[in-house]
Amino acid sequence: MTTKQHIEHTHSIEDIYFAGGCLWGVQEYLKHLPGVVSTEAGRANGASNTTKSDYDGFAECVKVSFATKLVTVIELIDYFFEIIDPYSIDQQGQDVGRKYRTGIYSKHTKHLEIAKQYISKRDDAHKIAIEVVPLNNYVKSDDEHQERLTRFPNDYCHIPKKTLHKYKQN
């Protein structure tokens with residue numbers, strides 16, 4: 001049994017979804033965080049259930065499955081803030097457009113309440129442009145987008161390399 005399989009078997013696992021620009025870099029960064037069991041590139045809160053449609057309101061996001069006893073939602077949000085510009089509207093790095101908006105989504109009301117409290121307690125809360133709303137729809141991205149920067153490490157990424165692998169264990 002691998003370490004991740006052991007964690008999944010012995011811990012409570014929950015899902016939260018983070019949108020922070022191009023999902024390639026967001027997934028590569030988040031998958032290395034302590035307590036993260038798995039990640040999956042996808043689309044949050046679009047109108048369709050397919051990736052074959054034109055843009056339908058979705059945000060590029062990463063589904064993060066995490067062990068609740070190993071990492072908290074607050075810690076995950078702290079990590080997330082390391083890779084985003086929280087003031088930017090519909091843009092992260094060179095990624096521009098509504099699908100690149102910054103957001104935190106979940107089916108757990110508790111996660112959303114924690115995220116809203118986290119933001120409201122910050123000194124810069126009035127400038128933060130992060131959407132914090134329930135996950136109404138999620139579509140897994142096509143295989144070509146899964147683990148993209150693991151497979152093609154020289155592809156474009158808006159997150160600086162030094163930050164991208166800050167938590168990667170060799």
# chains A, B, ... in the order shown; residues from 1 in each chain; ligands from 1
call {"tool": "residues_around", "arguments": {"residues": "Asp155 (chain A)", "least_positions_apart": "5", "cutoff": "9 Å", "atoms": "only C-alpha atoms", "output": "list in words"}}
result
Trp24, Arg148 and Leu149 of chain A
call {"tool": "select_by_dssp", "arguments": {"residues": "region 117-169 of chain A", "states": "strand (DSSP E)", "output": "list in words"}}
result
Glu131, Val132, Val133, Pro134, Tyr138, Val139 and Lys140 of chain A
call {"tool": "closest_residue", "arguments": {"among": "A:Pro86, A:Gly25, A:Gly57, A:Pro160", "to": "Ala44 (chain A)", "atoms": "only C-alpha atoms"}}
result
A:Gly57
call {"tool": "closest_residue", "arguments": {"among": "A:Glu131, A:Glu113, A:Glu28, A:Asp143", "to": "Ile74 (chain A)", "atoms": "only C-alpha atoms"}}
result
A:Glu113
call {"tool": "closest_residue", "arguments": {"among": "A:Asp124, A:Glu82, A:Glu75, A:Asp54", "to": "Lys99 (chain A)", "atoms": "only C-alpha atoms"}}
result
A:Asp54
call {"tool": "residues_around", "arguments": {"residues": "His108 (chain A)", "least_positions_apart": "3", "cutoff": "8 Å", "atoms": "only C-alpha atoms", "output": "list in words"}}
result
His111, Leu112 and Pro134 of chain A
call {"tool": "select_by_dssp", "arguments": {"residues": "region 25-116 of chain A", "states": "helix (DSSP H, G or I)", "output": "VMD selection string"}}
result
chain A and resid 25 to 30 73 to 81 98 to 100 109 to 116
call {"tool": "closest_residue", "arguments": {"among": "A:Val96, A:Ala19, A:Leu30, A:Ile114", "to": "Glu60 (chain A)", "atoms": "only C-alpha atoms"}}
result
A:Ala19
call {"tool": "closest_residue", "arguments": {"among": "A:Ile16, A:Val133, A:Val139, A:Cys157", "to": "Phe58 (chain A)", "atoms": "only C-alpha atoms"}}
result
A:Val139
call {"tool": "residues_around", "arguments": {"residues": "Ala59 (chain A)", "least_positions_apart": "2", "cutoff": "9 Å", "atoms": "only C-alpha atoms", "output": "VMD selection string"}}
result
chain A and resid 19 to 21 42 to 46 57 61 98 to 103
call {"tool": "closest_residue", "arguments": {"among": "A:Glu14, A:Ala129, A:Asn137, A:Thr50", "to": "Asp90 (chain A)", "atoms": "only C-alpha atoms"}}
result
A:Ala129
call {"tool": "atom_distance", "arguments": {"atom1": "CA of Val37 (chain A)", "atom2": "CA of Ile159 (chain A)"}}
result
21.5 Å
call {"tool": "decode", "arguments": {"residues": "region 103-114 of chain A", "atoms": "N, CA, C and O atoms", "output": "CSV table (one decimal), in the first residue's frame"}}
result
chain,number,residue,atom,x,y,z
A,103,GLY,N,-11.0,31.7,-7.5
A,103,GLY,CA,-12.1,31.2,-6.7
A,103,GLY,C,-11.8,30.1,-5.8
A,103,GLY,O,-10.9,29.3,-6.0
A,104,ILE,N,-12.7,29.9,-4.8
A,104,ILE,CA,-12.7,28.8,-3.9
A,104,ILE,C,-14.1,28.2,-3.9
A,104,ILE,O,-15.0,29.0,-3.6
A,105,TYR,N,-14.2,27.0,-4.2
A,105,TYR,CA,-15.5,26.3,-4.4
A,105,TYR,C,-15.6,25.0,-3.5
A,105,TYR,O,-14.5,24.4,-3.4
A,106,SER,N,-16.7,24.7,-3.1
A,106,SER,CA,-16.9,23.5,-2.3
A,106,SER,C,-18.4,23.1,-2.2
A,106,SER,O,-19.2,24.0,-2.4
A,107,LYS,N,-18.6,21.8,-2.0
A,107,LYS,CA,-19.9,21.3,-1.7
A,107,LYS,C,-20.2,21.4,-0.2
A,107,LYS,O,-21.3,21.2,0.3
A,108,HIS,N,-19.1,21.6,0.6
A,108,HIS,CA,-19.2,21.7,2.0
A,108,HIS,C,-19.3,23.2,2.5
A,108,HIS,O,-18.4,24.0,2.3
A,109,THR,N,-20.5,23.5,3.0
A,109,THR,CA,-20.7,24.9,3.5
A,109,THR,C,-19.7,25.3,4.5
A,109,THR,O,-19.2,26.5,4.4
A,110,LYS,N,-19.2,24.4,5.3
A,110,LYS,CA,-18.1,24.7,6.3
A,110,LYS,C,-16.9,25.2,5.6
A,110,LYS,O,-16.3,26.2,6.1
A,111,HIS,N,-16.5,24.7,4.5
A,111,HIS,CA,-15.3,25.1,3.7
A,111,HIS,C,-15.5,26.6,3.3
A,111,HIS,O,-14.6,27.4,3.4
A,112,LEU,N,-16.7,26.9,2.8
A,112,LEU,CA,-16.9,28.2,2.3
A,112,LEU,C,-17.0,29.2,3.4
A,112,LEU,O,-16.5,30.4,3.3
A,113,GLU,N,-17.5,28.9,4.5
A,113,GLU,CA,-17.6,29.7,5.7
A,113,GLU,C,-16.1,30.0,6.2
A,113,GLU,O,-15.8,31.2,6.5
A,114,ILE,N,-15.3,29.0,6.2
A,114,ILE,CA,-13.9,29.2,6.6
A,114,ILE,C,-13.2,30.1,5.7
A,114,ILE,O,-12.5,31.0,6.1
